[in-house]
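Structure data follow from coords37.pdb (PDB, C-alpha atoms):
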ATOM      1  CA  MET A   1       0.000   0.000   0.000
ATOM      2  CA  ARG A   2       2.805   2.334   0.854
ATOM      3  CA  THR A   3       4.562   1.825  -2.498
ATOM      4  CA  PHE A   4       1.203   2.426  -4.148
ATOM      5  CA  TYR A   5       1.071   5.868  -2.570
ATOM      6  CA  ARG A   6       4.656   6.548  -3.496
ATOM      7  CA  THR A   7       4.088   5.753  -7.165
ATOM      8  CA  LEU A   8       1.126   8.077  -7.263
ATOM      9  CA  ASP A   9       3.185  10.715  -5.524
ATOM     10  CA  ARG A  10       5.914  10.458  -8.131
ATOM     11  CA  ALA A  11       3.414  10.864 -10.976
ATOM     12  CA  LEU A  12       1.943  13.856  -9.205
ATOM     13  CA  VAL A  13       5.376  15.416  -8.673
ATOM     14  CA  ARG A  14       6.206  14.933 -12.351
ATOM     15  CA  ASP A  15       2.899  16.452 -13.477
ATOM     16  CA  ALA A  16       3.196  19.337 -11.035
ATOM     17  CA  SER A  17       6.754  19.994 -12.242
ATOM     18  CA  ALA A  18       5.632  20.193 -15.870
ATOM     19  CA  ILE A  19       3.025  22.825 -15.140
ATOM     20  CA  ALA A  20       5.408  24.628 -12.754
ATOM     21  CA  VAL A  21       8.061  25.029 -15.477
ATOM     22  CA  ALA A  22       5.434  26.543 -17.778
ATOM     23  CA  ALA A  23       4.242  28.830 -14.955
ATOM     24  CA  ALA A  24       7.805  29.959 -14.241
ATOM     25  CA  MET A  25       8.232  30.959 -17.898
ATOM     26  CA  ILE A  26       4.988  32.946 -17.826
ATOM     27  CA  GLY A  27       6.243  34.492 -14.565
ATOM     28  CA  VAL A  28       9.402  35.625 -16.337
ATOM     29  CA  SER A  29       7.329  37.357 -18.995
ATOM     30  CA  TYR A  30       5.106  38.896 -16.300
ATOM     31  CA  GLY A  31       8.101  40.372 -14.487
ATOM     32  CA  ALA A  32       9.562  41.693 -17.727
ATOM     33  CA  ILE A  33       6.267  43.212 -18.931
ATOM     34  CA  SER A  34       5.786  44.984 -15.585
ATOM     35  CA  ILE A  35       9.199  46.600 -15.879
ATOM     36  CA  ALA A  36       8.471  47.529 -19.515
ATOM     37  CA  GLN A  37       5.299  49.287 -18.248
ATOM     38  CA  GLY A  38       7.556  51.554 -16.204
ATOM     39  CA  LEU A  39       6.475  50.119 -12.849
ATOM     40  CA  PRO A  40       8.881  49.912  -9.876
ATOM     41  CA  TRP A  41      10.891  46.654  -9.617
ATOM     42  CA  TRP A  42       9.365  45.624  -6.287
ATOM     43  CA  LEU A  43       5.758  45.780  -7.466
ATOM     44  CA  PRO A  44       5.571  42.646  -9.678
ATOM     45  CA  ILE A  45       7.641  40.713  -7.120
ATOM     46  CA  ALA A  46       5.390  41.718  -4.207
ATOM     47  CA  MET A  47       2.298  41.049  -6.324
ATOM     48  CA  SER A  48       3.384  37.525  -7.219
ATOM     49  CA  LEU A  49       4.013  36.867  -3.536
ATOM     50  CA  LEU A  50       0.861  38.466  -2.106
ATOM     51  CA  VAL A  51      -1.726  38.227  -4.893
ATOM     52  CA  PHE A  52      -0.491  35.023  -6.595
ATOM     53  CA  ALA A  53      -3.065  35.042  -9.400
ATOM     54  CA  GLY A  54      -1.511  35.360 -12.862
ATOM     55  CA  GLY A  55      -4.475  36.611 -14.863
ATOM     56  CA  SER A  56      -5.350  39.378 -12.431
ATOM     57  CA  GLN A  57      -1.702  40.395 -12.059
ATOM     58  CA  PHE A  58      -1.294  40.884 -15.817
ATOM     59  CA  ILE A  59      -4.500  42.966 -15.934
ATOM     60  CA  ALA A  60      -3.460  45.003 -12.878
ATOM     61  CA  VAL A  61       0.031  45.942 -14.104
ATOM     62  CA  GLY A  62      -1.379  46.725 -17.559
ATOM     63  CA  LEU A  63      -3.995  49.119 -16.197
ATOM     64  CA  LEU A  64      -1.636  50.575 -13.604
ATOM     65  CA  GLY A  65       0.964  51.194 -16.310
ATOM     66  CA  ALA A  66      -1.744  52.916 -18.355
ATOM     67  CA  GLY A  67      -2.377  55.223 -15.371
ATOM     68  CA  ASN A  68      -5.664  53.724 -14.192
ATOM     69  CA  PRO A  69      -5.174  52.414 -10.626
ATOM     70  CA  VAL A  70      -8.911  52.097  -9.796
ATOM     71  CA  ALA A  71      -9.529  49.941 -12.857
ATOM     72  CA  ALA A  72      -6.411  47.944 -11.964
ATOM     73  CA  VAL A  73      -7.910  46.977  -8.597
ATOM     74  CA  LEU A  74     -11.473  46.389  -9.830
ATOM     75  CA  GLY A  75     -10.357  44.536 -12.951
ATOM     76  CA  GLY A  76      -7.931  42.410 -10.984
ATOM     77  CA  LEU A  77     -10.521  41.486  -8.359
ATOM     78  CA  LEU A  78     -13.234  40.748 -10.930
ATOM     79  CA  ILE A  79     -10.966  38.170 -12.572
ATOM     80  CA  ASN A  80     -10.484  36.476  -9.218
ATOM     81  CA  VAL A  81     -14.175  36.194  -8.255
ATOM     82  CA  ARG A  82     -14.208  32.664  -9.750
ATOM     83  CA  HIS A  83     -11.986  31.610  -6.855
ATOM     84  CA  LEU A  84     -14.984  31.816  -4.522
ATOM     85  CA  PRO A  85     -16.848  28.870  -6.079
ATOM     86  CA  PHE A  86     -13.486  27.106  -6.438
ATOM     87  CA  GLY A  87     -12.974  27.593  -2.697
ATOM     88  CA  LEU A  88     -16.378  26.075  -1.979
ATOM     89  CA  ALA A  89     -15.487  23.112  -4.213
ATOM     90  CA  VAL A  90     -12.090  22.411  -2.601
ATOM     91  CA  GLY A  91     -12.935  23.510   0.963
ATOM     92  CA  GLY A  92     -14.107  20.026   1.848
ATOM     93  CA  PHE A  93     -10.725  18.340   1.424
ATOM     94  CA  VAL A  94      -7.868  20.846   1.887
ATOM     95  CA  GLY A  95      -7.472  19.699   5.480
ATOM     96  CA  ARG A  96      -5.948  21.816   8.215
ATOM     97  CA  HIS A  97      -4.176  25.149   7.612
ATOM     98  CA  ARG A  98      -7.208  26.392   5.695
ATOM     99  CA  LEU A  99      -6.041  30.005   5.821
ATOM    100  CA  LEU A 100      -2.787  29.050   4.115
ATOM    101  CA  ALA A 101      -4.666  26.821   1.687
ATOM    102  CA  ALA A 102      -6.739  29.867   0.714
ATOM    103  CA  HIS A 103      -3.652  31.763  -0.452
ATOM    104  CA  LEU A 104      -2.579  28.860  -2.670
ATOM    105  CA  LEU A 105      -5.984  28.527  -4.370
ATOM    106  CA  ILE A 106      -5.559  28.795  -8.152
ATOM    107  CA  ASP A 107      -7.123  27.246 -11.254
ATOM    108  CA  GLU A 108      -4.419  24.626 -11.684
ATOM    109  CA  ASN A 109      -4.457  23.068  -8.229
ATOM    110  CA  THR A 110      -8.268  23.146  -8.178
ATOM    111  CA  ALA A 111      -8.323  21.258 -11.479
ATOM    112  CA  PHE A 112      -5.620  18.820 -10.335
ATOM    113  CA  ALA A 113      -7.323  18.144  -7.022
ATOM    114  CA  LEU A 114     -10.794  17.658  -8.495
ATOM    115  CA  SER A 115      -9.369  15.225 -11.066
ATOM    116  CA  GLN A 116      -8.300  12.865  -8.250
ATOM    117  CA  SER A 117     -10.747  10.280  -7.050
ATOM    118  CA  ARG A 118     -10.034  10.051  -3.321
ATOM    119  CA  VAL A 119     -10.017  12.717  -0.627
ATOM    120  CA  GLU A 120      -6.452  11.933   0.455
ATOM    121  CA  LEU A 121      -5.134  12.293  -3.107
ATOM    122  CA  ARG A 122      -7.163  15.438  -3.639
ATOM    123  CA  ARG A 123      -5.547  17.046  -0.612
ATOM    124  CA  GLN A 124      -2.073  15.996  -1.761
ATOM    125  CA  ALA A 125      -2.639  17.299  -5.283
ATOM    126  CA  TYR A 126      -3.996  20.596  -3.990
ATOM    127  CA  TRP A 127      -1.003  21.353  -1.764
ATOM    128  CA  LEU A 128       1.657  19.946  -4.057
ATOM    129  CA  VAL A 129       0.519  21.716  -7.220
ATOM    130  CA  GLY A 130      -0.280  24.919  -5.321
ATOM    131  CA  GLY A 131       3.128  24.889  -3.599
ATOM    132  CA  PHE A 132       5.090  24.104  -6.767
ATOM    133  CA  LEU A 133       3.332  26.813  -8.727
ATOM    134  CA  PHE A 134       3.787  29.345  -5.922
ATOM    135  CA  VAL A 135       7.554  28.801  -5.900
ATOM    136  CA  ALA A 136       7.817  28.667  -9.704
ATOM    137  CA  TRP A 137       5.677  31.757 -10.269
ATOM    138  CA  ASN A 138       7.647  33.819  -7.765
ATOM    139  CA  LEU A 139      11.080  32.707  -8.985
ATOM    140  CA  GLY A 140       9.980  33.370 -12.575
ATOM    141  CA  THR A 141       8.785  36.859 -11.675
ATOM    142  CA  ILE A 142      12.087  37.754  -9.982
ATOM    143  CA  LEU A 143      14.012  36.469 -13.010
ATOM    144  CA  GLY A 144      11.793  38.453 -15.375
ATOM    145  CA  VAL A 145      12.274  41.646 -13.381
ATOM    146  CA  GLY A 146      16.043  41.085 -13.498
ATOM    147  CA  LEU A 147      16.126  40.337 -17.232
ATOM    148  CA  GLY A 148      13.728  43.148 -18.119
ATOM    149  CA  SER A 149      13.505  43.927 -21.813
ATOM    150  CA  ALA A 150      15.798  41.002 -22.701
ATOM    151  CA  VAL A 151      12.755  38.717 -22.340
ATOM    152  CA  GLY A 152      10.897  37.899 -25.542
ATOM    153  CA  ASP A 153       7.342  36.765 -26.221
ATOM    154  CA  PRO A 154       6.575  33.520 -24.294
ATOM    155  CA  ASN A 155       4.086  32.503 -26.980
ATOM    156  CA  VAL A 156       7.060  31.658 -29.199
ATOM    157  CA  PHE A 157       7.365  28.560 -26.984
ATOM    158  CA  GLY A 158       3.669  27.783 -27.329
ATOM    159  CA  LEU A 159       2.978  28.373 -23.639
ATOM    160  CA  ASP A 160      -0.414  29.862 -24.505
ATOM    161  CA  ALA A 161      -1.393  26.393 -25.753
ATOM    162  CA  ALA A 162       0.209  24.541 -22.821
ATOM    163  CA  PHE A 163      -2.106  25.919 -20.131
ATOM    164  CA  PRO A 164      -5.486  25.300 -21.787
ATOM    165  CA  ALA A 165      -4.265  21.848 -22.898
ATOM    166  CA  GLY A 166      -3.202  20.980 -19.357
ATOM    167  CA  LEU A 167      -6.467  22.156 -17.817
ATOM    168  CA  LEU A 168      -8.477  20.348 -20.489
ATOM    169  CA  ALA A 169      -6.586  17.122 -19.810
ATOM    170  CA  LEU A 170      -7.489  17.514 -16.136
ATOM    171  CA  ILE A 171     -11.224  18.024 -16.672
ATOM    172  CA  LEU A 172     -11.462  15.309 -19.348
ATOM    173  CA  PRO A 173     -12.512  12.570 -16.879
ATOM    174  CA  ALA A 174     -15.212  14.816 -15.385
ATOM    175  CA  LEU A 175     -16.595  15.421 -18.879
ATOM    176  CA  ARG A 176     -17.620  11.767 -19.138
ATOM    177  CA  ASP A 177     -20.617  12.748 -17.033
ATOM    178  CA  ARG A 178     -23.354  13.986 -19.379
ATOM    179  CA  THR A 179     -24.640  16.774 -17.103
ATOM    180  CA  THR A 180     -21.121  18.121 -16.606
ATOM    181  CA  ARG A 181     -20.372  17.873 -20.325
ATOM    182  CA  ILE A 182     -23.442  19.899 -21.309
ATOM    183  CA  ALA A 183     -22.801  22.456 -18.570
ATOM    184  CA  ALA A 184     -19.128  22.850 -19.510
ATOM    185  CA  GLY A 185     -19.872  23.017 -23.244
ATOM    186  CA  CYS A 186     -22.592  25.651 -22.865
ATOM    187  CA  GLY A 187     -20.440  27.570 -20.375
ATOM    188  CA  ALA A 188     -17.436  27.575 -22.701
ATOM    189  CA  VAL A 189     -19.504  28.913 -25.620
ATOM    190  CA  LEU A 190     -21.154  31.564 -23.405
ATOM    191  CA  ALA A 191     -17.752  32.724 -22.131
ATOM    192  CA  VAL A 192     -16.219  33.091 -25.594
ATOM    193  CA  VAL A 193     -19.278  34.774 -27.114
ATOM    194  CA  SER A 194     -19.630  37.253 -24.224
ATOM    195  CA  THR A 195     -15.916  38.148 -24.146
ATOM    196  CA  PRO A 196     -16.182  41.116 -26.560
ATOM    197  CA  LEU A 197     -19.203  42.447 -24.619
ATOM    198  CA  LEU A 198     -18.109  42.233 -20.979
ATOM    199  CA  PRO A 199     -15.108  43.338 -18.914
ATOM    200  CA  ALA A 200     -12.416  40.681 -18.345
ATOM    201  CA  GLY A 201     -13.401  38.178 -15.655
ATOM    202  CA  LEU A 202     -17.161  38.369 -16.191
ATOM    203  CA  PRO A 203     -17.371  36.066 -19.251
ATOM    204  CA  VAL A 204     -16.015  33.168 -17.198
ATOM    205  CA  LEU A 205     -18.637  33.845 -14.501
ATOM    206  CA  VAL A 206     -21.405  34.081 -17.120
ATOM    207  CA  ALA A 207     -20.392  30.527 -18.034
ATOM    208  CA  LEU A 208     -21.973  29.384 -14.756
ATOM    209  CA  LEU A 209     -25.339  29.743 -16.514
ATOM    210  CA  GLY A 210     -24.218  26.618 -18.350
ATOM    211  CA  VAL A 211     -24.698  24.679 -15.108
ATOM    212  CA  PHE A 212     -28.446  25.242 -15.391
ATOM    213  CA  ALA A 213     -28.400  24.181 -19.027
ATOM    214  CA  GLY A 214     -26.692  21.000 -17.867
ATOM    215  CA  ARG A 215     -29.452  20.381 -15.314
ATOM    216  CA  VAL A 216     -32.271  21.044 -17.773
ATOM    217  CA  PHE A 217     -30.928  19.144 -20.788
ATOM    218  CA  SER A 218     -29.561  16.128 -18.971
ATOM    219  CA  ARG A 219     -32.868  15.179 -17.327
ATOM    220  CA  PRO A 220     -34.295  13.039 -20.165
ATOM    221  CA  ALA A 221     -31.022  11.074 -20.228
ATOM    222  CA  SER A 222     -31.167  10.259 -16.514
ATOM    223  CA  VAL A 223     -34.680   8.903 -17.048
ATOM    224  CA  GLU A 224     -33.352   6.713 -19.863
ATOM    225  CA  VAL A 225     -30.569   5.422 -17.655
ATOM    226  CA  ALA A 226     -33.060   4.696 -14.894
ATOM    227  CA  SER A 227     -35.296   2.668 -17.185
TER
ATOM    228  CA  MET B   1       2.276  55.288  -3.337
ATOM    229  CA  THR B   2      -0.564  54.550  -5.764
ATOM    230  CA  ALA B   3       1.156  51.304  -6.753
ATOM    231  CA  LEU B   4       1.434  50.286  -3.115
ATOM    232  CA  ILE B   5      -2.285  50.897  -2.491
ATOM    233  CA  VAL B   6      -3.233  48.924  -5.608
ATOM    234  CA  LEU B   7      -1.017  46.083  -4.394
ATOM    235  CA  ILE B   8      -2.507  46.013  -0.894
ATOM    236  CA  VAL B   9      -6.163  46.240  -1.965
ATOM    237  CA  LEU B  10      -5.753  43.668  -4.729
ATOM    238  CA  ALA B  11      -3.898  41.262  -2.425
ATOM    239  CA  ALA B  12      -6.376  41.657   0.459
ATOM    240  CA  GLY B  13      -9.406  41.421  -1.840
ATOM    241  CA  THR B  14      -8.092  38.343  -3.641
ATOM    242  CA  TYR B  15      -7.294  36.639  -0.357
ATOM    243  CA  ALA B  16     -10.754  37.487   0.998
ATOM    244  CA  ILE B  17     -12.415  35.936  -2.070
ATOM    245  CA  ARG B  18     -10.378  32.744  -1.735
ATOM    246  CA  ALA B  19     -10.767  32.411   2.025
ATOM    247  CA  THR B  20     -14.521  33.075   1.852
ATOM    248  CA  GLY B  21     -15.122  30.022  -0.320
ATOM    249  CA  ILE B  22     -12.859  27.700   1.651
ATOM    250  CA  VAL B  23     -14.036  28.821   5.092
ATOM    251  CA  LEU B  24     -17.729  28.956   4.166
ATOM    252  CA  ARG B  25     -17.610  25.336   3.074
ATOM    253  CA  ASP B  26     -16.888  24.477   6.693
ATOM    254  CA  ARG B  27     -19.048  26.988   8.527
ATOM    255  CA  ILE B  28     -22.376  26.639   6.806
ATOM    256  CA  VAL B  29     -24.371  23.558   5.940
ATOM    257  CA  LEU B  30     -24.676  23.577   2.184
ATOM    258  CA  PRO B  31     -27.872  22.077   0.753
ATOM    259  CA  ALA B  32     -27.421  18.741  -1.000
ATOM    260  CA  TRP B  33     -28.317  20.116  -4.438
ATOM    261  CA  LEU B  34     -25.587  22.735  -4.135
ATOM    262  CA  LEU B  35     -23.033  20.128  -3.051
ATOM    263  CA  THR B  36     -23.762  18.064  -6.155
ATOM    264  CA  LEU B  37     -23.632  21.167  -8.349
ATOM    265  CA  LEU B  38     -20.281  22.452  -7.029
ATOM    266  CA  PRO B  39     -18.013  20.044  -8.947
ATOM    267  CA  VAL B  40     -20.111  20.691 -12.082
ATOM    268  CA  ALA B  41     -19.763  24.438 -11.531
ATOM    269  CA  ALA B  42     -15.995  24.151 -10.980
ATOM    270  CA  THR B  43     -15.572  22.123 -14.179
ATOM    271  CA  THR B  44     -17.754  24.613 -16.065
ATOM    272  CA  LEU B  45     -15.615  27.521 -14.838
ATOM    273  CA  LEU B  46     -12.462  25.672 -15.890
ATOM    274  CA  ALA B  47     -13.983  24.902 -19.302
ATOM    275  CA  ALA B  48     -14.778  28.598 -19.704
ATOM    276  CA  LEU B  49     -11.196  29.515 -18.783
ATOM    277  CA  ILE B  50      -9.885  27.001 -21.326
ATOM    278  CA  ALA B  51     -12.206  28.249 -24.075
ATOM    279  CA  THR B  52     -11.394  31.915 -23.502
ATOM    280  CA  ALA B  53      -7.666  31.119 -23.354
ATOM    281  CA  MET B  54      -7.990  29.292 -26.690
ATOM    282  CA  PHE B  55     -10.321  31.539 -28.639
ATOM    283  CA  THR B  56     -10.004  35.077 -27.271
ATOM    284  CA  ASP B  57      -7.261  37.671 -27.041
ATOM    285  CA  ALA B  58      -7.468  40.910 -25.056
ATOM    286  CA  GLY B  59     -11.266  41.100 -25.159
ATOM    287  CA  HIS B  60     -11.707  39.936 -28.752
ATOM    288  CA  VAL B  61     -12.675  36.612 -30.249
ATOM    289  CA  SER B  62      -9.581  35.396 -32.091
ATOM    290  CA  LEU B  63      -9.517  32.156 -34.019
ATOM    291  CA  GLY B  64      -5.864  31.394 -34.654
ATOM    292  CA  VAL B  65      -4.350  28.155 -35.885
ATOM    293  CA  ALA B  66      -1.280  27.468 -33.760
ATOM    294  CA  ARG B  67      -2.907  27.705 -30.333
ATOM    295  CA  PRO B  68      -6.046  25.583 -30.940
ATOM    296  CA  ALA B  69      -3.936  23.056 -32.866
ATOM    297  CA  GLY B  70      -1.522  22.832 -29.938
ATOM    298  CA  VAL B  71      -4.364  22.311 -27.489
ATOM    299  CA  LEU B  72      -5.919  19.708 -29.809
ATOM    300  CA  ALA B  73      -2.621  17.799 -29.974
ATOM    301  CA  GLY B  74      -2.447  17.824 -26.189
ATOM    302  CA  VAL B  75      -6.028  16.683 -25.745
ATOM    303  CA  VAL B  76      -5.681  13.809 -28.219
ATOM    304  CA  LEU B  77      -2.688  12.623 -26.189
ATOM    305  CA  ALA B  78      -4.634  13.029 -22.950
ATOM    306  CA  TRP B  79      -7.450  11.005 -24.513
ATOM    307  CA  ARG B  80      -4.910   8.254 -25.226
ATOM    308  CA  ARG B  81      -3.949   8.416 -21.555
ATOM    309  CA  ALA B  82      -0.556  10.037 -22.074
ATOM    310  CA  PRO B  83       1.015  11.434 -18.890
ATOM    311  CA  PHE B  84       0.043  14.989 -18.048
ATOM    312  CA  ALA B  85       3.593  16.296 -18.575
ATOM    313  CA  VAL B  86       3.603  14.869 -22.128
ATOM    314  CA  VAL B  87       0.259  16.559 -22.838
ATOM    315  CA  VAL B  88       1.541  19.963 -21.751
ATOM    316  CA  ILE B  89       4.858  19.693 -23.592
ATOM    317  CA  ALA B  90       3.252  18.365 -26.789
ATOM    318  CA  ALA B  91       0.712  21.201 -26.804
ATOM    319  CA  ALA B  92       3.439  23.825 -26.395
ATOM    320  CA  ALA B  93       5.733  22.180 -28.958
ATOM    321  CA  THR B  94       2.951  21.868 -31.567
ATOM    322  CA  ALA B  95       1.973  25.526 -31.211
ATOM    323  CA  ALA B  96       5.619  26.636 -31.243
ATOM    324  CA  LEU B  97       6.437  24.621 -34.363
ATOM    325  CA  LEU B  98       3.361  25.859 -36.229
ATOM    326  CA  ARG B  99       4.377  29.434 -35.409
ATOM    327  CA  LEU B 100       7.900  28.703 -36.568
ATOM    328  CA  ALA B 101       6.339  27.516 -39.834
ATOM    329  CA  GLY B 102       4.629  30.875 -40.165
ATOM    330  CA  LEU B 103       1.124  29.965 -38.982
ATOM    331  CA  SER B 104      -0.257  32.150 -36.227
TER
END
Written form, structure tokens:
Amino acid sequence: MRTFYRTLDRALVRDASAIAVAAAMIGVSYGAISIAQGLPWWLPIAMSLLVFAGGSQFIAVGLLGAGNPVAAVLGGLLINVRHLPFGLAVGGFVGRHRLLAAHLLIDENTAFALSQSRVELRRQAYWLVGGFLFVAWNLGTILGVGLGSAVGDPNVFGLDAAFPAGLLALILPALRDRTTRIAAGCGAVLAVVSTPLLPAGLPVLVALLGVFAGRVFSRPASVEVAS
Amino acid sequence: MTALIVLIVLAAGTYAIRATGIVLRDRIVLPAWLLTLLPVAATTLLAALIATAMFTDAGHVSLGVARPAGVLAGVVLAWRRAPFAVVVIAAAATAALLRLAGLS
């Protein structure tokens, strides 16, 4: 039994490392972009440490660099509102040190944890992936601040494809469930279609309407299964 | 000074959002229907993040080639039960190579 756990651990460490390397590279570009915006060197570093939410950090430094601090705060917070339902979803298994667990809550460790089948593995995945990404993101940011304008576009390495692919791989098992599949599909379409119309952060929340579509449209199927 | 205030409010607000979800889960008794919906909602949010990462850019719908193709390569591998690390690397490599070939 113990070796069984160890094997799973090793797979988890390998998977967490892969996503951490990608996160570190995005962190480098985040640090460099912040400096290019004319912001002080300590700001991106402190933000990575204290905010630790990539999407909102990019939005915040962009708007702050453009001279709009109020929008930087509101825009950054709006992007992070999705972490509230994520917190409700993971709150049942993070274990002790909940206040520390809250700071490590991101998309990747939520997805990793929810893709595990047992509570013990969910907790492990949550802390391991959250911890790895925290270290990687912060080291990347410091490196990016140091390198400054020497850093090029991270999309050259295809990192913009790596993150959605990784998240999609993680939710793939959950999509076997018909209700979840309909909800996720409708939500994804709603989010993309509403992106040009709404401020950043809201389209992803609008996707939650897909959950109701999943409930409504999956009912006939559950009757079929029952009979 | 402005930068410092932005940092503090954004950090405190983000932490409050995260802690609210995690702590509430413990403090209040959630109705059964909500408990069954939470994993569905989390997956839906993740699907929305994936879709917007794939098909939008800075508030616009953008249908490129390299990025969706990279994601597709990764997902096919995931479907064939390839390890997660392989999925991520293959997705990045596919997108990078397509860009190198001149496709955006």
With the file shown as input, list the residues that the ChimeraX specification (/A :<6) & /B selects, as a PyMOL selection string. chain B and resi 6+10-11+17-19+21-22+25+38+40+42+44+47-48+50-52+59-60+67+70-71+74-75+78+84-85+88+91-92+95-96
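Interatomic distance, CA of Gln124 in chain A against CA of Leu45 in chain B: 22.1 Å.
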Range 14-31 of chain B, all listed atoms, 4 Å padding on each side: what axis-aligned box centre and edge lengths in Å to one decimal come out, as JSON?
{"center_x": -17.6, "center_y": 30.2, "center_z": 2.4, "size_x": 28.6, "size_y": 24.3, "size_z": 20.2}
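Atom pair CA of Arg99 in chain B / CA of Ala66 in chain B has a distance of 6.2 Å (rounded to one decimal).
Take CA of Val65 in chain B and CA of Leu46 in chain B: the distance between them is 21.7 Å.
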Run the PyMOL selection byres ((chain A and resi 133-137) around 7) against the file shown and list the residues it catches, as a ChimeraX atom specification. /A:20-21,23-24,27,48,129-132,138-141
